[in-house]
Every structure is written in structure tokens, then in C-alpha cells.
Amino acid sequence: MRQRKEETLPGALYRASQSVIEGDLVNMVLDREELPYEIRELYPSRDGLLDNETMAEQGLPGTTTADISNAGRITGYIREFVTHARPGAIQAGSDVAVATLSHLFNNNHEVSLWMTERFLADSQRAVGQDLGQGQMLVSVDLLQFDRFSDETVGIRTLQTTPAGLVSSTVVDFRIGRLLGVAYLVSLGDVERQQLVQQLGLELERKMVKVLLDAF
């Protein structure tokens, strides 16, 4: 659920986010050894810049590159780890993918709008829709995440896939004009809020360190 705590964000940290460049984003996402112990057995998958065209291609049906750009997003970086097990060999309750992302926006207001109007509202509107490739979003539940330094939005989704029911737990958080995202995907109807909170807080810690070291 959304929590607005902008007054707690240190002024120096907020100002530091204004000078972030694209090259800083790679240093903000988590390496494998920085993941919670429970999910370090996952293997490297995607690792690279995530431009607005790619965001649109991987977004909900109907999303365009112009939509992403007009929302104020400049670019981002993703580092993802996945299971190597064959779909038929994965047991319900197993974690199959984890990722951390750092996104750069024009300003902090656009980050807030993205979190509420694109991430949260668009997800809720997509419930019951055909997402293609045998997938359908079944439900979106709001989650309360705490101990973050600024605004957060968290959800858990359930969707049908060819491999069966899949749970995704996601936290979005703001640091100035930066958006940090951490998600964990699990097979079955699984609750992973505590693990994702740990993941997100570690991502926030690393993002803050990069900002302060560069400021």
C-alpha cells in the first residue's frame, strides 16, 4: 500500500539523485551474492539496460514506447536471476525468478505517478485480461512494506501460465527521481512478502550508497 514519507528523505540524498546518469544505474542493482541467501541458487539471466522500447514490449498489452516516455521515464537497468530447472520438474512453492531494477525519471513527481498510475492502477485494471502466450492475471493484492526511506507501493499478483499458477511479489520505492524495483516470482499460490522486503531494502541500501559516493 502507498506510504508517503518524503519528509524523511535526507536533503543531500534527494539532491544527489538529480545528478544521476545512465551509467550509474548498473552499479545500483544487486549482484548474486547480495541476494537473500534463500534465492542465491538462481542463475544469471537478463543483465543490461532496459530502454523505453523494451519496457513497452514487455509491458501490459497495448503499452507503447510513447506511453513510457511521456510518463517521464528516461531509462533503466535490470539484473535478473532464474531457475534452470525444466518447467515440469519445478515443484509448487519454488522460486523461479528474482530481479532488481533501477529506473531513472525526469523528476520525483513522475516517479510517484508511475508507481500509482502505471504500476498499481494498470495492474489492477489488467485483472481478468488475456496477457497472451496462455497467461491471464487472476488477482492483484496490495501489500504493506515498511522501513523504506520514501514512498513505496507493493503488490502480490497471481496469474495463470502454461506452467501453472504463478505468484509475483513486487515492491516499488522512490529515491528522488529514481525508482527502485524488486520482484520475486514463484510457482503456485505463494506468499513471499518478507523475502521481497529484505530484497528491496538491500536494493535501496545499495542505491543510496551509489548516490552518496557520487555526490
# chains A, B, ... in the order shown; residues from 1 in each chain; ligands from 1
$ residues_around --residues "A:Arg192" --least-positions-apart "6" --cutoff "9 Å" --atoms "only C-alpha atoms" --output "number ranges by chain"
A: 156, 167-169, 184-186
$ write_last_selection --atoms "C-alpha atoms" --output "mmCIF file, in the first residue's frame"
data_model
loop_
_atom_site.group_PDB
_atom_site.id
_atom_site.type_symbol
_atom_site.label_atom_id
_atom_site.label_comp_id
_atom_site.auth_asym_id
_atom_site.auth_seq_id
_atom_site.Cartn_x
_atom_site.Cartn_y
_atom_site.Cartn_z
ATOM 1 C CA ARG A 156 1.293 -9.634 -4.992
ATOM 2 C CA SER A 167 2.789 -15.702 -7.854
ATOM 3 C CA SER A 168 4.743 -12.473 -8.241
ATOM 4 C CA THR A 169 5.605 -10.276 -5.261
ATOM 5 C CA LEU A 184 10.266 -12.443 -6.875
ATOM 6 C CA VAL A 185 8.320 -14.939 -8.974
ATOM 7 C CA SER A 186 7.250 -18.277 -7.504
#
$ residues_around --residues "A:Glu204" --least-positions-apart "3" --cutoff "10 Å" --atoms "only C-alpha atoms" --output "JSON, numbers by chain"
{"A": [28, 29, 30, 102, 148, 149, 173, 174, 175, 179, 180, 181, 182, 198, 199, 200, 201, 207, 208, 209, 210]}
$ select_by_dssp --residues "stretch 102-166 of chain A" --states "strand (DSSP E)" --output "ChimeraX atom specification"
/A:102-105,130-132,135-143,152-161,164-166
$ write_last_selection --atoms "N, CA and C atoms" --output "mmCIF file, in the first residue's frame"
data_model
loop_
_atom_site.group_PDB
_atom_site.id
_atom_site.type_symbol
_atom_site.label_atom_id
_atom_site.label_comp_id
_atom_site.auth_asym_id
_atom_site.auth_seq_id
_atom_site.Cartn_x
_atom_site.Cartn_y
_atom_site.Cartn_z
ATOM 1 N N SER A 102 16.737 -0.563 -11.457
ATOM 2 C CA SER A 102 16.859 0.858 -11.145
ATOM 3 C C SER A 102 16.382 1.644 -12.360
ATOM 4 N N HIS A 103 15.424 2.535 -12.150
ATOM 5 C CA HIS A 103 14.854 3.344 -13.233
ATOM 6 C C HIS A 103 15.155 4.813 -12.976
ATOM 7 N N LEU A 104 15.417 5.547 -14.032
ATOM 8 C CA LEU A 104 15.688 6.980 -13.939
ATOM 9 C C LEU A 104 14.564 7.761 -14.616
ATOM 10 N N PHE A 105 14.012 8.739 -13.888
ATOM 11 C CA PHE A 105 12.930 9.585 -14.388
ATOM 12 C C PHE A 105 13.389 11.042 -14.441
ATOM 13 N N ASP A 130 -6.615 -11.237 -20.956
ATOM 14 C CA ASP A 130 -5.699 -12.157 -21.618
ATOM 15 C C ASP A 130 -4.384 -11.427 -21.855
ATOM 16 N N LEU A 131 -3.279 -11.918 -21.273
ATOM 17 C CA LEU A 131 -1.980 -11.278 -21.422
ATOM 18 C C LEU A 131 -1.168 -11.878 -22.564
ATOM 19 N N GLY A 132 -1.741 -12.856 -23.248
ATOM 20 C CA GLY A 132 -1.035 -13.502 -24.346
ATOM 21 C C GLY A 132 -0.189 -14.668 -23.868
ATOM 22 N N GLN A 135 -1.405 -16.692 -20.784
ATOM 23 C CA GLN A 135 -1.342 -16.090 -19.456
ATOM 24 C C GLN A 135 -2.542 -15.181 -19.205
ATOM 25 N N MET A 136 -3.012 -15.202 -17.969
ATOM 26 C CA MET A 136 -4.083 -14.297 -17.563
ATOM 27 C C MET A 136 -3.852 -13.895 -16.115
ATOM 28 N N LEU A 137 -4.010 -12.604 -15.844
ATOM 29 C CA LEU A 137 -3.852 -12.102 -14.485
ATOM 30 C C LEU A 137 -5.121 -12.411 -13.694
ATOM 31 N N VAL A 138 -4.973 -13.139 -12.598
ATOM 32 C CA VAL A 138 -6.115 -13.598 -11.802
ATOM 33 C C VAL A 138 -6.452 -12.611 -10.684
ATOM 34 N N SER A 139 -5.435 -12.091 -10.004
ATOM 35 C CA SER A 139 -5.697 -11.188 -8.880
ATOM 36 C C SER A 139 -4.491 -10.306 -8.615
ATOM 37 N N VAL A 140 -4.762 -9.147 -7.988
ATOM 38 C CA VAL A 140 -3.724 -8.216 -7.545
ATOM 39 C C VAL A 140 -4.065 -7.800 -6.120
ATOM 40 N N ASP A 141 -3.193 -8.095 -5.178
ATOM 41 C CA ASP A 141 -3.397 -7.734 -3.776
ATOM 42 C C ASP A 141 -2.364 -6.703 -3.352
ATOM 43 N N LEU A 142 -2.822 -5.650 -2.667
ATOM 44 C CA LEU A 142 -1.916 -4.643 -2.140
ATOM 45 C C LEU A 142 -1.143 -5.190 -0.949
ATOM 46 N N LEU A 143 0.124 -4.823 -0.851
ATOM 47 C CA LEU A 143 0.967 -5.228 0.268
ATOM 48 C C LEU A 143 1.539 -3.994 0.957
ATOM 49 N N THR A 152 6.493 4.037 -1.103
ATOM 50 C CA THR A 152 6.529 2.662 -1.600
ATOM 51 C C THR A 152 5.151 2.227 -2.083
ATOM 52 N N VAL A 153 5.140 1.289 -3.011
ATOM 53 C CA VAL A 153 3.932 0.590 -3.436
ATOM 54 C C VAL A 153 4.296 -0.886 -3.572
ATOM 55 N N GLY A 154 3.491 -1.776 -2.996
ATOM 56 C CA GLY A 154 3.772 -3.193 -3.088
ATOM 57 C C GLY A 154 2.539 -3.986 -3.474
ATOM 58 N N ILE A 155 2.731 -5.024 -4.276
ATOM 59 C CA ILE A 155 1.617 -5.886 -4.675
ATOM 60 C C ILE A 155 2.080 -7.341 -4.728
ATOM 61 N N ARG A 156 1.083 -8.221 -4.660
ATOM 62 C CA ARG A 156 1.293 -9.634 -4.992
ATOM 63 C C ARG A 156 0.257 -9.997 -6.032
ATOM 64 N N THR A 157 0.712 -10.574 -7.148
ATOM 65 C CA THR A 157 -0.205 -10.964 -8.209
ATOM 66 C C THR A 157 -0.230 -12.471 -8.361
ATOM 67 N N LEU A 158 -1.343 -12.960 -8.858
ATOM 68 C CA LEU A 158 -1.476 -14.363 -9.267
ATOM 69 C C LEU A 158 -1.865 -14.370 -10.734
ATOM 70 N N GLN A 159 -1.208 -15.219 -11.523
ATOM 71 C CA GLN A 159 -1.588 -15.328 -12.920
ATOM 72 C C GLN A 159 -1.451 -16.762 -13.395
ATOM 73 N N THR A 160 -2.272 -17.099 -14.354
ATOM 74 C CA THR A 160 -2.190 -18.415 -14.966
ATOM 75 C C THR A 160 -1.122 -18.380 -16.055
ATOM 76 N N THR A 161 -0.369 -19.475 -16.176
ATOM 77 C CA THR A 161 0.643 -19.624 -17.221
ATOM 78 C C THR A 161 0.596 -21.062 -17.706
ATOM 79 N N GLY A 164 1.385 -23.414 -15.039
ATOM 80 C CA GLY A 164 0.530 -23.436 -13.868
ATOM 81 C C GLY A 164 0.379 -22.064 -13.245
ATOM 82 N N LEU A 165 -0.190 -22.003 -12.059
ATOM 83 C CA LEU A 165 -0.400 -20.739 -11.359
ATOM 84 C C LEU A 165 0.938 -20.197 -10.859
ATOM 85 N N VAL A 166 1.149 -18.895 -11.053
ATOM 86 C CA VAL A 166 2.403 -18.253 -10.672
ATOM 87 C C VAL A 166 2.108 -17.031 -9.807
#
$ closest_residue --among "A:Thr83, A:Asn107, A:Gln18, A:Asn27" --to "A:Tyr43" --atoms "only C-alpha atoms"
A:Thr83
$ residues_around --residues "A:Ser112" --least-positions-apart "4" --cutoff "12 Å" --atoms "only C-alpha atoms" --output "JSON, numbers by chain"
{"A": [2, 3, 4, 5, 6, 71, 72, 73, 105, 106, 107, 108, 116, 117, 118, 119, 120, 150, 151, 152, 153, 172, 173, 174, 175, 176, 177, 178, 179, 180]}
$ residues_around --residues "A:Leu212" --least-positions-apart "4" --cutoff "10 Å" --atoms "only C-alpha atoms" --output "PyMOL selection string"
chain A and resi 12-17+206-208
$ residues_around --residues "stretch 44-46 of chain A" --least-positions-apart "6" --cutoff "10 Å" --atoms "only C-alpha atoms" --output "list in words"
Asp31, Arg32, Tyr77, Ile78, Arg79, Glu80, Phe81, Val82, Thr83, His84, Ala97, Val98 and Ala99 of chain A
$ atom_distance --atom1 "atom CA of A:Gly93" --atom2 "atom CA of A:Glu191"
8.9 Å
$ closest_atom_pairs --of "stretch 68-137 of chain A" --to "stretch 52-58 of chain A" --cutoff "10 Å" --atoms "only C-alpha atoms" --output "tab-separated table"
residue	atom	partner	partner_atom	distance
A:Ile68	CA	A:Asn52	CA	6.0
A:Ser69	CA	A:Asn52	CA	6.6
A:Arg73	CA	A:Asn52	CA	7.4
A:Ile74	CA	A:Asn52	CA	7.3
A:Thr75	CA	A:Asn52	CA	6.2
A:Gly76	CA	A:Asn52	CA	8.2
$ write_last_selection --atoms "N, CA, C and O atoms" --output "mmCIF file, in the first residue's frame"
data_model
loop_
_atom_site.group_PDB
_atom_site.id
_atom_site.type_symbol
_atom_site.label_atom_id
_atom_site.label_comp_id
_atom_site.auth_asym_id
_atom_site.auth_seq_id
_atom_site.Cartn_x
_atom_site.Cartn_y
_atom_site.Cartn_z
ATOM 1 N N ILE A 68 5.506 5.193 -22.275
ATOM 2 C CA ILE A 68 6.573 5.118 -21.283
ATOM 3 C C ILE A 68 7.342 6.435 -21.229
ATOM 4 O O ILE A 68 7.607 6.978 -20.141
ATOM 5 N N SER A 69 7.697 6.968 -22.381
ATOM 6 C CA SER A 69 8.455 8.220 -22.428
ATOM 7 C C SER A 69 7.648 9.382 -21.889
ATOM 8 O O SER A 69 8.175 10.231 -21.149
ATOM 9 N N ARG A 73 9.817 8.537 -17.852
ATOM 10 C CA ARG A 73 10.914 7.587 -17.676
ATOM 11 C C ARG A 73 11.983 7.816 -18.732
ATOM 12 O O ARG A 73 11.687 7.929 -19.918
ATOM 13 N N ILE A 74 13.238 7.874 -18.301
ATOM 14 C CA ILE A 74 14.354 8.074 -19.211
ATOM 15 C C ILE A 74 14.943 6.739 -19.636
ATOM 16 O O ILE A 74 15.033 6.430 -20.823
ATOM 17 N N THR A 75 15.332 5.926 -18.683
ATOM 18 C CA THR A 75 15.884 4.599 -18.967
ATOM 19 C C THR A 75 15.969 3.815 -17.663
ATOM 20 O O THR A 75 15.565 4.313 -16.601
ATOM 21 N N GLY A 76 16.496 2.604 -17.730
ATOM 22 C CA GLY A 76 16.625 1.797 -16.524
ATOM 23 C C GLY A 76 17.618 0.675 -16.733
ATOM 24 O O GLY A 76 18.190 0.510 -17.824
#
